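This report refers to the structure that appears directly beneath it.
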Amino acid sequence: MFRSSSALNRFASVVILGSIILSFNLQAAAQEKVQLSVDTSKPGSKIDRNIFGQFAEHLGYGVYEGIWVGPDSKIPNTRGIRNDVVAALKALKVPNVRWPGGCFADEYHWRKGIGTRAVTLNPNWGGVVEPNTFGTHEFMDFIDQIGSEAYLSVNVGSGTPQEAAEWLEYLTTPQPTTLQKERAANGHPGPYKIPMLGIGNESWDCGGNMTPDYYLRQLTIYSRFVRNYNPAQLEKDQMQKIAVGPGGGEARWTEWTDTIMKAWEKRQWSWDMQGLSMHKYTVINWGNKFASVGFGEKEYGQILKETLKMEDLVAKHSAIMDKYDPQKKIALIVDEWGSWYAPSPGSNPGFLVQQNSIRDAVLAALNLNIFARHADRVRGANIAQMINVLQAMIMTDKEKMVLTPTYHVFKMYVPFQDGTFIPVSFNAGTYTNGDITLPRVDAIAAKDTSGKLWLELTNVDPNNAVEIEANISGINATSATGETLTAPKVDSVNTFDAPNAVKPKPISVKVQGNKLTIKLEPKSVTVVSIS
Ligand code: AHR
C-alpha cells in the first residue's frame, strides 16, 4: 500500500513515541524498588526439614535406572545403587524419601521384594514387568547411602492389615522372631528405623476408590495393628502414621478431611495418627497437558498462576483441621506436589517423563515458600518425583546424569531445613501478561539452626529485573552473600549435552546500615545469607 512520505513520517513518529512510552514503562517497572522488612525479633514456627522430602515410586525410570542399576552394571554403583545419583542427592540433605508409591504402593506386596525375587507386573505405570530387584533392603540401603530416612506407604488397596503389620515387624523388631531371623538372614540383623508410615495412597482414587467412611474404617484398623517395634522409636522419635487426605479443594475433598479429622478428635485409645496427607499437582487440563519445554511467556504465566492455588488449598484444609485440632497436633503432609506436563515426545506415556525448566525452578520456590509460611501446620511435603519422573531433581539416560533447575532450588534451600521462620513484609507488586496477573516478587526468611539469617527472593517477572531494598531489624547486618538461579528463556532447561545451562551463580549484595540492596534478574530464585 502506498503512503505519502509525510504520512510515513507521522506513522514513524507515532511508532517511535509509542516505543519510547513503552520502554519508559518497562524501565519504570524494572526500576521500581521493592521494599522488604525482615523482622528477626518475631520468629515464627520451625520450618520442618521434612517439607523438602522426595518421592521415589516404582514408575518408569524413577527407581530402575534412576537409582538401581544392579551390582553387575558398568555404571559405577555401590551394591547396585548408582554412585553419581547418590552423590548428587547427598548434597540436598534429603530428609525423607516416600516409597514405593504412589498408586504402585497399593499393589505392592513386600515379600516379593525380599530374598528370592518374584517377577510381577506394574499395571499402573505402563504395564511393564516389575523385577522386584529393588525391594525393602535395597531401599533402606539407598536412603542410608544418601543420608535420608524412610517414609513407607503400606498397601491398603489390595493388601491386608496382616501383610502391613508383618512388614513392620520384619523391619523393626529386635526380638528373635521368625521375621527378625529372616531379616537377619537377608543381611540386616538390627532393626531399621521407620520414621514415617503412610496408610494407603489416594484411597479415594487409584488406592481403591473408597468413600471417606470406608477409608476411615481401614485407617483405624491399620493404625491399630501396624506397629513399629524399634526400641529407639518407642519413646522418642516415634513413627508418624499418616492418613490419606485430600486431593483438591472441591466438596468431596473437604468432606474427606472433615470425616477423618472429626473421627480423630473423638478417637479412642486404640488408634491414632500424626499426619494427614494432601496431594496437589500443578496441571492445566488433564486431558491435554501443557508441554514441559518449547512454550512461551503465556504458558509460563498460566502454570505459575495455577501453582499458586496451593496457598488456598493449604489454607482451606488447615482451617478444617483447626476445627478439630486447634493445637495443630496433626501435621498436613503435602506428600505429592509439583508440575505435571505432557510426556516428552517419544517417551512411554506411562513413564511420566517430562523436561524441567527455569519455570519449574520458580514454581518450586513458590511452593516451598507457601509451605514455609504455613510451617505451623505443614510439616512435611514430597515433591513428585525424585528421578526421571514428573518434576524430577535428576534425569538419567543410562550412564549419563543431569541435574535439573528444580534440583538447584532444593540445594539452595538447604539452609532453610529446620530453620526458624522469620516474617518478611513487602508489597509484591504485579507482573501481568494478557489476562494473567501474578505477584511479581515472593520472599521468605529464616534463621538456620546455627542462628544465621537467610533470605529467599523470587522474581516471577520473566522480563524485568527487580531491585530489592531489604531492611533488617533485630540483628546488626554487615555483610551478605548469595546465589541466584536464572536462565535466558522461560523454557531454558539442562540437557545431557548442555548440563550447566541453568545453574546457580554468585550474586552481589550491598549492605549498608542494616539495609540490603540486591538486583534480582528476571525469572530468578535467589538465596542470600546475612551476617
Ligand atoms: O506421582 C504419580 C502418581 O500421581 C502417584 O502414583 C499417585 O499417587 C498420583 O496420582
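Chains: A, B, ... in order of the C-alpha cells. Residues: from 1 per chain. Ligands: from 1, in order shown.
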Can you build me a table of chain A residues sitting at most 6 Å from ligand 1, with the closest atom pair per residue and its distance in Å to one decimal, using only C-alpha atoms and all ligand atoms, sorted by chain and residue number, as JSON lines?
```
{"residue": "A:Gly101", "atom": "CA", "partner": "ligand 1", "partner_atom_place_in_ligand_line": "6 (O)", "distance": 5.6}
{"residue": "A:Gly102", "atom": "CA", "partner": "ligand 1", "partner_atom_place_in_ligand_line": "6 (O)", "distance": 3.2}
{"residue": "A:Cys103", "atom": "CA", "partner": "ligand 1", "partner_atom_place_in_ligand_line": "6 (O)", "distance": 3.9}
{"residue": "A:Asn201", "atom": "CA", "partner": "ligand 1", "partner_atom_place_in_ligand_line": "8 (O)", "distance": 5.9}
{"residue": "A:Glu202", "atom": "CA", "partner": "ligand 1", "partner_atom_place_in_ligand_line": "8 (O)", "distance": 5.8}
{"residue": "A:Ala384", "atom": "CA", "partner": "ligand 1", "partner_atom_place_in_ligand_line": "1 (O)", "distance": 5.5}
```
Could those selected residues go to a file with N, CA and C atoms, as a CSV table (one decimal), in the first residue's frame?
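Writing the result to again.csv gives the following:
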```csv
chain,number,residue,atom,x,y,z
A,101,GLY,N,5.3,-46.1,46.5
A,101,GLY,CA,4.4,-45.3,45.7
A,101,GLY,C,3.6,-44.4,46.6
A,102,GLY,N,2.7,-43.7,46.1
A,102,GLY,CA,2.0,-43.7,44.8
A,102,GLY,C,1.1,-44.8,44.6
A,103,CYS,N,0.4,-44.8,43.5
A,103,CYS,CA,-0.5,-45.8,43.1
A,103,CYS,C,0.1,-47.2,43.2
A,201,ASN,N,-2.6,-44.8,49.8
A,201,ASN,CA,-2.3,-43.7,48.9
A,201,ASN,C,-3.6,-43.4,48.1
A,202,GLU,N,-4.0,-42.2,48.0
A,202,GLU,CA,-5.1,-41.8,47.2
A,202,GLU,C,-6.2,-42.8,47.3
A,384,ALA,N,7.0,-34.6,43.6
A,384,ALA,CA,6.9,-35.8,42.8
A,384,ALA,C,7.6,-35.5,41.4
```
| message | For Arg82 in chain A, find every residue with an atom within 8 Å (counting only C-alpha atoms), except residues of its own chain fewer than 2 positions away, and show them as a VMD selection string. | response | chain A and resid 66 to 69 75 to 78 80 84 to 86
| task | Would you please give, as a list in words, all residues of range 232-305 of chain A that DSSP assigns to strand (DSSP E) based on the backbone? | result | Gln240, Lys241, Ile242, Ala243, Gly275, Leu276, Ser277, Met278, His279, Lys280, Tyr281 and Thr282 of chain A
Write the residues of the preceding selection, restricted to N, CA and C atoms, as an mmCIF file, in the first residue's frame.
```cif
data_model
loop_
_atom_site.group_PDB
_atom_site.id
_atom_site.type_symbol
_atom_site.label_atom_id
_atom_site.label_comp_id
_atom_site.auth_asym_id
_atom_site.auth_seq_id
_atom_site.Cartn_x
_atom_site.Cartn_y
_atom_site.Cartn_z
ATOM 1 N N GLN A 240 5.545 -41.610 62.745
ATOM 2 C CA GLN A 240 4.322 -40.852 62.453
ATOM 3 C C GLN A 240 3.463 -41.653 61.489
ATOM 4 N N LYS A 241 2.208 -41.852 61.854
ATOM 5 C CA LYS A 241 1.277 -42.530 60.940
ATOM 6 C C LYS A 241 0.510 -41.461 60.166
ATOM 7 N N ILE A 242 0.547 -41.572 58.859
ATOM 8 C CA ILE A 242 -0.050 -40.528 58.028
ATOM 9 C C ILE A 242 -1.242 -41.086 57.255
ATOM 10 N N ALA A 243 -2.381 -40.473 57.499
ATOM 11 C CA ALA A 243 -3.610 -40.923 56.844
ATOM 12 C C ALA A 243 -3.709 -40.314 55.455
ATOM 13 N N GLY A 275 -0.396 -37.483 61.072
ATOM 14 C CA GLY A 275 -0.363 -36.641 59.878
ATOM 15 C C GLY A 275 -1.518 -36.946 58.950
ATOM 16 N N LEU A 276 -1.870 -35.955 58.161
ATOM 17 C CA LEU A 276 -2.887 -36.125 57.115
ATOM 18 C C LEU A 276 -2.214 -35.699 55.818
ATOM 19 N N SER A 277 -2.277 -36.567 54.820
ATOM 20 C CA SER A 277 -1.587 -36.248 53.574
ATOM 21 C C SER A 277 -2.460 -35.369 52.675
ATOM 22 N N MET A 278 -1.839 -34.672 51.763
ATOM 23 C CA MET A 278 -2.595 -33.915 50.746
ATOM 24 C C MET A 278 -1.795 -34.000 49.440
ATOM 25 N N HIS A 279 -2.512 -34.188 48.323
ATOM 26 C CA HIS A 279 -1.853 -34.207 47.020
ATOM 27 C C HIS A 279 -2.343 -33.046 46.175
ATOM 28 N N LYS A 280 -1.413 -32.362 45.548
ATOM 29 C CA LYS A 280 -1.816 -31.258 44.655
ATOM 30 C C LYS A 280 -0.750 -31.092 43.573
ATOM 31 N N TYR A 281 -1.109 -31.471 42.365
ATOM 32 C CA TYR A 281 -0.207 -31.277 41.228
ATOM 33 C C TYR A 281 -0.537 -29.970 40.533
ATOM 34 N N THR A 282 0.473 -29.369 39.925
ATOM 35 C CA THR A 282 0.235 -28.199 39.084
ATOM 36 C C THR A 282 0.027 -28.715 37.671
#
```
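For Thr495 in chain A, the list of residues within 12 Å, based on only C-alpha atoms and with local chain neighbours fewer than 4 positions off taken out, reads Val293, Gln354, Gln355, Asn356, Ser357, Ile394, Met395, Thr396, Asp397, Lys400, Met401, Val402, Leu403, Thr404, Pro405, Pro499, Asn500, Ala501, Val502 and Lys503 of chain A.
The two atoms in question, CA of Val389 in chain A and CA of Gly60 in chain A, are spaced 7.1 Å apart.
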| What is the CA of Lys42 in chain A to CA of Glu456 in chain A distance in Å? | 17.5 Å
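Residues with any atom within 7 Å of range 430-438 of chain A, counting only C-alpha atoms and excluding same-chain neighbours fewer than 2 positions away, are Lys298, Gly301, Gln302, Lys305, Ala428, Arg440 and Asp461 of chain A.
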Requested write-out: N, CA and C atoms of the selected residues, as an mmCIF file, in the first residue's frame:
```
data_model
loop_
_atom_site.group_PDB
_atom_site.id
_atom_site.type_symbol
_atom_site.label_atom_id
_atom_site.label_comp_id
_atom_site.auth_asym_id
_atom_site.auth_seq_id
_atom_site.Cartn_x
_atom_site.Cartn_y
_atom_site.Cartn_z
ATOM 1 N N LYS A 298 3.200 -16.909 27.778
ATOM 2 C CA LYS A 298 1.809 -17.133 28.190
ATOM 3 C C LYS A 298 1.701 -18.380 29.081
ATOM 4 N N GLY A 301 3.206 -17.978 32.549
ATOM 5 C CA GLY A 301 2.310 -17.303 33.497
ATOM 6 C C GLY A 301 1.158 -18.205 33.933
ATOM 7 N N GLN A 302 0.599 -18.932 32.959
ATOM 8 C CA GLN A 302 -0.558 -19.795 33.299
ATOM 9 C C GLN A 302 -0.180 -20.849 34.334
ATOM 10 N N LYS A 305 0.383 -19.282 37.737
ATOM 11 C CA LYS A 305 -0.887 -18.910 38.365
ATOM 12 C C LYS A 305 -1.543 -20.154 38.983
ATOM 13 N N ALA A 428 4.418 -6.960 46.999
ATOM 14 C CA ALA A 428 4.976 -7.788 45.929
ATOM 15 C C ALA A 428 4.915 -7.125 44.562
ATOM 16 N N ARG A 440 4.668 -10.103 41.595
ATOM 17 C CA ARG A 440 5.958 -10.057 40.883
ATOM 18 C C ARG A 440 7.085 -10.679 41.709
ATOM 19 N N ASP A 461 8.701 -12.167 37.443
ATOM 20 C CA ASP A 461 8.642 -11.437 36.162
ATOM 21 C C ASP A 461 9.713 -11.980 35.207
#
```
| remark: Between CA of Ala375 in chain A and CA of Leu36 in chain A lies a distance of 20.7 Å
| query | Hey, what's within 8 Å of range 313-318 of chain A if we count only C-alpha atoms and toss same-chain stuff fewer than 6 positions away? As a ChimeraX atom specification, please? | reply | /A:248-249,254,257,332,374,377
For the selection just defined, write its residues with all heavy atoms to a file, as a JSON list (two decimals), in the first residue's frame.
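Result file follows (part-v3.json):
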```json
[["chain", "number", "residue", "atom", "x", "y", "z"],
["A", 248, "GLY", "N", -7.63, -32.17, 46.51],
["A", 248, "GLY", "CA", -8.11, -30.95, 45.86],
["A", 248, "GLY", "C", -8.96, -30.16, 46.83],
["A", 248, "GLY", "O", -9.00, -30.46, 48.04],
["A", 249, "GLY", "N", -9.64, -29.15, 46.30],
["A", 249, "GLY", "CA", -10.41, -28.27, 47.18],
["A", 249, "GLY", "C", -11.92, -28.44, 47.07],
["A", 249, "GLY", "O", -12.68, -27.77, 47.77],
["A", 254, "THR", "N", -13.17, -31.70, 50.88],
["A", 254, "THR", "CA", -13.37, -31.09, 52.19],
["A", 254, "THR", "C", -14.12, -32.07, 53.08],
["A", 254, "THR", "O", -13.85, -32.17, 54.28],
["A", 254, "THR", "CB", -14.12, -29.74, 52.08],
["A", 254, "THR", "OG1", -15.30, -29.92, 51.30],
["A", 254, "THR", "CG2", -13.25, -28.67, 51.45],
["A", 257, "THR", "N", -11.47, -34.56, 54.44],
["A", 257, "THR", "CA", -10.68, -34.02, 55.56],
["A", 257, "THR", "C", -11.55, -33.94, 56.81],
["A", 257, "THR", "O", -11.12, -34.31, 57.92],
["A", 257, "THR", "CB", -10.13, -32.63, 55.19],
["A", 257, "THR", "OG1", -9.32, -32.78, 54.02],
["A", 257, "THR", "CG2", -9.29, -32.02, 56.30],
["A", 332, "LEU", "N", -0.05, -31.49, 58.38],
["A", 332, "LEU", "CA", -0.52, -31.64, 57.00],
["A", 332, "LEU", "C", 0.73, -31.94, 56.17],
["A", 332, "LEU", "O", 1.70, -31.17, 56.18],
["A", 332, "LEU", "CB", -1.20, -30.34, 56.53],
["A", 332, "LEU", "CG", -1.83, -30.39, 55.14],
["A", 332, "LEU", "CD1", -2.94, -31.44, 55.06],
["A", 332, "LEU", "CD2", -2.41, -29.02, 54.75],
["A", 374, "HIS", "N", 3.24, -21.69, 56.08],
["A", 374, "HIS", "CA", 2.27, -22.49, 56.84],
["A", 374, "HIS", "C", 2.99, -23.52, 57.71],
["A", 374, "HIS", "O", 2.44, -24.59, 57.98],
["A", 374, "HIS", "CB", 1.32, -23.21, 55.88],
["A", 374, "HIS", "CG", 0.33, -22.30, 55.22],
["A", 374, "HIS", "ND1", -0.87, -21.96, 55.80],
["A", 374, "HIS", "CD2", 0.39, -21.64, 54.05],
["A", 374, "HIS", "CE1", -1.53, -21.14, 54.99],
["A", 374, "HIS", "NE2", -0.79, -20.93, 53.93],
["A", 377, "ARG", "N", 1.48, -25.82, 60.42],
["A", 377, "ARG", "CA", 0.63, -26.97, 60.09],
["A", 377, "ARG", "C", 1.30, -27.88, 59.04],
["A", 377, "ARG", "O", 1.21, -29.10, 59.14],
["A", 377, "ARG", "CB", -0.72, -26.46, 59.57],
["A", 377, "ARG", "CG", -1.69, -27.53, 59.16],
["A", 377, "ARG", "CD", -2.17, -28.37, 60.33],
["A", 377, "ARG", "NE", -3.26, -27.76, 61.05],
["A", 377, "ARG", "CZ", -3.85, -28.33, 62.12],
["A", 377, "ARG", "NH1", -3.46, -29.52, 62.56],
["A", 377, "ARG", "NH2", -4.82, -27.70, 62.76]]
```
| request: From a DSSP pass on the backbone, collect the residues of range 190-320 of chain A flagged as helix (DSSP H, G or I) and hand them back as JSON, numbers by chain. | output: {"A": [212, 213, 214, 215, 216, 217, 218, 219, 220, 221, 222, 223, 224, 225, 231, 232, 233, 251, 252, 253, 254, 255, 256, 257, 258, 259, 260, 261, 262, 263, 264, 265, 297, 298, 299, 300, 301, 302, 303, 304, 305, 306, 307, 309, 310, 311, 312, 313, 314, 315, 316, 317, 318, 319, 320]}
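Close contacts of Ser45 in chain A, defined as residues with an atom at most 8 Å away when counting only C-alpha atoms, with chain neighbours fewer than 2 positions off set aside, comprise A:Pro43, A:Ile47, A:Ala375, A:Asp376, A:Thr420, A:Phe421.
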Given the selection you just returned, output its residues as a file containing N, CA, C and O atoms, formatted as a compact mmCIF listing (two decimals), in the first residue's frame.
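New file selection_6.txt:
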```txt
# COMPACT_ATOMS: atom_id res chain seq x y z
N PRO A 43 10.28 -14.28 65.65
CA PRO A 43 10.41 -15.58 64.99
C PRO A 43 9.10 -16.37 65.00
O PRO A 43 8.32 -16.25 65.94
N ILE A 47 10.58 -24.42 60.37
CA ILE A 47 10.30 -24.92 59.02
C ILE A 47 10.82 -26.35 58.99
O ILE A 47 12.02 -26.58 58.88
N ALA A 375 4.20 -23.17 58.14
CA ALA A 375 5.04 -24.17 58.82
C ALA A 375 4.42 -24.70 60.11
O ALA A 375 4.79 -25.77 60.57
N ASP A 376 3.48 -23.95 60.69
CA ASP A 376 2.86 -24.45 61.91
C ASP A 376 2.00 -25.68 61.64
O ASP A 376 1.83 -26.54 62.50
N THR A 420 14.15 -21.44 61.62
CA THR A 420 13.01 -20.78 62.27
C THR A 420 12.48 -19.70 61.34
O THR A 420 13.24 -18.84 60.88
N PHE A 421 11.22 -19.77 61.05
CA PHE A 421 10.59 -18.83 60.12
C PHE A 421 10.69 -17.40 60.67
O PHE A 421 10.39 -17.14 61.83
```
| request: List the neighbours of Tyr64 in chain A out to 10 Å using only C-alpha atoms; skip same-chain residues closer than 4 positions along the sequence, and give me the result as a PyMOL selection string. | output: chain A and resi 57-60+68-70+81+130-134+387-388
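Using only C-alpha atoms, the nearest neighbour of Asn228 in chain A within the list A:Gln274, A:Thr136, A:Thr172, A:Thr177 is A:Thr172.
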